[in-house]
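Student: Take a look at the following structure, please.
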Amino acid sequence: MLYTVVPIEQIMDQKEQRSHYQEMNISGIPCYVEKLSDFEYKIIRIHTSDPKKYLAKELQPGAIVNLKDKL
Amino acid sequence: MDNEKQENKNLEAINQLGQTKVVSDNSNIHIVTIIGQVEGHLVLPPQNKTTKYEHILPQLVAIEQNPDIHGILLLINTVGGDVEAGLAIAEVIASMSTATVSIVLGGGHSIGIPIAVSADYSFIVHTATMTVHPIRLTGLVISVPQTYDHLNKMQERIINFVVNNSRISDESFRQLMFNTGDLARDIGTVLVGNEAVNSGLIDAVGGVHHALSMLKRLIGEK
């Protein structure tokens with residue numbers, strides 16, 4: 001049951017079929033990322049309670065992570 | 001003298017570990033953000049920005065168990081969402097021994113209200129709004145008295161939690177919830193900054209600085 005000020009039809013609108021974003025752990029931090037290529041992902045936002053992590057350069061929104069560097 | 005010592009320590013770290021910095025200045029205050037829709041048992045379509053309870057709840061329990069974390073700052077900017085998920089988050093926050101302070105920024109509507117009041121102390125910024133309104137029923141509705149009873153029961157859960165965790169009385173919260181004439185197409189009340197404090201829902205008007213000062217005070221007391 002939803003308790004929100006947003007109209008239900010707006011919430012359930014199915015215009016977009018698939019999400020552009022996916023969740024991924026980068027350096028141990030759960031991130032929302034956008035897939036650019038097989039190895040490259042753009043950081044959309046990170047999900048952690050540690051305020052210091054939000055200052056990390058490589059985790060800034062828009063930063064591109066290359067998984068090849070992490071291998 | 002202290003600088004010299006620190007330099008020596010750093011040099012040692014480079015020699016021993018090949019790293020320049022080993023001691024990290026971890027903050028003992030962590031932040032938890034409640035944004036967009038509070039997502040419940042149903043995954044919402046992708047155009048919704050959501051806060052998921054499966055992220056928040058384990059994080060809160062982990063914080064509670066971590067002896068290095070002494071306080072939590074809750075940043076709230078939500079339009080509401082799932083009743084069960086919202087109440088679950090609010091109950092976990094309310095039952096934590098770690099000091100908690102919340103700030104309502106932008107909006108803390110509907111199910112965002114119990115989450116905002118669940119902290120030990122709550123703040124609202126001047127421009128933020130909180131909408132108090134009744135729960136709406138969507139989907140298949142069977143017109144039997146039980147439908148109303150069920151809806152009423154869900155509403156009572158929210159009212160009870162808010163009344164038990166803030167200064168507002170049961171009577172005034174119901175008055176705000178069932179108010180007519182404030183919302184264009186609905187029953188309810190929009191509280192802006194000061195009004196939320198005057199009604200007793202939120203403890204004080206203030207921003208990040210006030211919230212962090214209060215959090216440090218609460219940590220000191222605990």
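A note on labels: chains of the structure tokens are A, B, ... as shown, every chain counts residues from 1, and ligands are counted from 1 in their shown order.
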Would you mind writing down, as JSON, numbers by chain, each residue of range 23-57 of chain A that DSSP on the backbone assigns to strand (DSSP E)?

Tutor: {"A": [23, 24, 25, 26, 29, 30, 31, 32, 33, 34, 35, 40, 41, 42, 43, 44, 45, 46]}

Student: Would you put the residues from that selection into a file with C-alpha atoms, as a PDB file, in the first residue's frame?

Tutor:
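Output below, filename part.pdb:
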```
ATOM      1  CA  GLU A  23      23.730  -1.667  -9.358  1.00  0.00           C
ATOM      2  CA  MET A  24      27.345  -2.659  -9.021  1.00  0.00           C
ATOM      3  CA  ASN A  25      29.991  -2.852  -6.317  1.00  0.00           C
ATOM      4  CA  ILE A  26      32.995  -0.675  -7.105  1.00  0.00           C
ATOM      5  CA  ILE A  29      30.910   0.410  -2.445  1.00  0.00           C
ATOM      6  CA  PRO A  30      27.451  -0.217  -3.900  1.00  0.00           C
ATOM      7  CA  CYS A  31      26.973   2.177  -6.834  1.00  0.00           C
ATOM      8  CA  TYR A  32      24.287   2.928  -9.374  1.00  0.00           C
ATOM      9  CA  VAL A  33      26.043   2.862 -12.707  1.00  0.00           C
ATOM     10  CA  GLU A  34      25.210   3.346 -16.365  1.00  0.00           C
ATOM     11  CA  LYS A  35      26.800   0.854 -18.747  1.00  0.00           C
ATOM     12  CA  GLU A  40      33.204   1.050 -18.913  1.00  0.00           C
ATOM     13  CA  TYR A  41      30.587   2.235 -16.460  1.00  0.00           C
ATOM     14  CA  LYS A  42      29.562   5.755 -15.548  1.00  0.00           C
ATOM     15  CA  ILE A  43      28.848   6.426 -11.864  1.00  0.00           C
ATOM     16  CA  ILE A  44      25.356   7.830 -11.332  1.00  0.00           C
ATOM     17  CA  ARG A  45      25.287   7.759  -7.542  1.00  0.00           C
ATOM     18  CA  ILE A  46      26.823   5.801  -4.748  1.00  0.00           C
TER      19      ILE A  46
END
```

Student: Quick check for you: according to DSSP on this backbone, which residues of chain A are classed as alpha helix (DSSP H)? Reply as a ChimeraX atom specification.

Tutor: /A:8-11,67-70

Student: Could you write out that same residue set with N, CA and C atoms as a compact mmCIF listing (two decimals), in the first residue's frame?

Tutor:
```txt
# COMPACT_ATOMS: atom_id res chain seq x y z
N ILE A 8 -0.77 7.81 -8.33
CA ILE A 8 -0.40 6.42 -8.58
C ILE A 8 -0.11 6.17 -10.08
N GLU A 9 -0.89 6.86 -10.96
CA GLU A 9 -0.68 6.62 -12.40
C GLU A 9 0.69 7.13 -12.85
N GLN A 10 1.19 8.14 -12.16
CA GLN A 10 2.51 8.67 -12.49
C GLN A 10 3.61 7.70 -12.02
N ILE A 11 3.37 7.07 -10.88
CA ILE A 11 4.35 6.13 -10.35
C ILE A 11 4.41 4.87 -11.21
N LEU A 67 36.60 -1.26 -15.79
CA LEU A 67 36.78 -2.48 -15.01
C LEU A 67 38.10 -3.18 -15.35
N LYS A 68 38.68 -2.87 -16.53
CA LYS A 68 39.96 -3.46 -16.90
C LYS A 68 41.05 -3.03 -15.92
N ASP A 69 40.91 -1.77 -15.43
CA ASP A 69 41.89 -1.27 -14.46
C ASP A 69 41.81 -2.01 -13.15
N LYS A 70 40.65 -2.60 -12.90
CA LYS A 70 40.42 -3.24 -11.60
C LYS A 70 40.82 -4.71 -11.63
```

Student: Each residue of chain A with at least one atom at most 8 Å from chain B should appear once, together with its nearest atom pair and the corresponding distance in Å (one decimal); atoms considered: only C-alpha atoms; ordering: chain, then increasing residue number; output as CSV.

Tutor:
```
residue,atom,partner,partner_atom,distance
A:Met1,CA,B:Asp82,CA,5.7
A:Leu2,CA,B:Asp82,CA,4.4
A:Tyr3,CA,B:Gly81,CA,5.1
A:Thr4,CA,B:Gly80,CA,4.2
A:Val5,CA,B:Val79,CA,5.9
A:Val6,CA,B:Val79,CA,6.7
A:Ile8,CA,B:Thr138,CA,7.8
A:Ile11,CA,B:Asn48,CA,6.6
A:Met12,CA,B:Pro45,CA,6.2
A:Asp13,CA,B:Pro45,CA,7.1
A:Gln14,CA,B:Pro45,CA,6.4
A:Glu16,CA,B:Pro46,CA,6.8
A:Gln17,CA,B:Pro46,CA,7.7
A:Arg18,CA,B:Pro46,CA,6.7
A:Ser19,CA,B:Pro46,CA,5.1
A:Thr48,CA,B:Val32,CA,7.7
A:Ser49,CA,B:Ile31,CA,4.7
A:Asp50,CA,B:His30,CA,5.2
A:Pro51,CA,B:His30,CA,6.1
A:Lys52,CA,B:Asn26,CA,7.3
```

Student: Hey, can you check how far CA of His47 in chain A sits from CA of Thr51 in chain B?

Tutor: 10.0 Å

Student: Give me the residues within 9 Å of Val92 in chain B as an mmCIF file with C-alpha atoms, in the first residue's frame, counting only C-alpha atoms and dropping any in the same chain fewer than 6 places off.

Tutor:
```
data_model
loop_
_atom_site.group_PDB
_atom_site.id
_atom_site.type_symbol
_atom_site.label_atom_id
_atom_site.label_comp_id
_atom_site.auth_asym_id
_atom_site.auth_seq_id
_atom_site.Cartn_x
_atom_site.Cartn_y
_atom_site.Cartn_z
ATOM 1 C CA LEU B 57 17.757 -1.624 6.994
ATOM 2 C CA LEU B 60 21.275 0.797 9.956
ATOM 3 C CA VAL B 61 21.847 -2.482 11.795
ATOM 4 C CA SER B 118 11.768 8.634 14.254
#
```

Student: Closest to Asn66 in chain B among B:Met96, B:Val192, B:Val197, B:Val205, using only C-alpha atoms?

Tutor: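 Closest candidate: B:Met96.
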
Student: What is the distance between CA of Ser95 in chain B and CA of Thr129 in chain B, in Å to one decimal?

Tutor: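 Calculated distance between CA of Ser95 in chain B and CA of Thr129 in chain B is 25.8 Å.
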
Student: My list of candidates is B:Ser166, B:Gly106, B:Glu156, B:Ile35. Which is closest to Ala94 in chain B when distances are computed with only C-alpha atoms?

Tutor: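 Of B:Ser166, B:Gly106, B:Glu156, B:Ile35, the one nearest Ala94 in chain B is B:Ser166, counting only C-alpha atoms.
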
Student: Determine the nearest neighbour of Gly28 in chain A from the options A:Lys53, A:Lys15, A:Pro7, A:Ala63, counting only C-alpha atoms.

Tutor: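 Ranked by minimum distance to Gly28 in chain A, first place goes to A:Lys53.
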
Student: So what do you get for CA of Lys216 in chain B versus CA of Leu59 in chain A, distance-wise?

Tutor: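 Taking CA of Lys216 in chain B and CA of Leu59 in chain A, their separation equals 27.8 Å.
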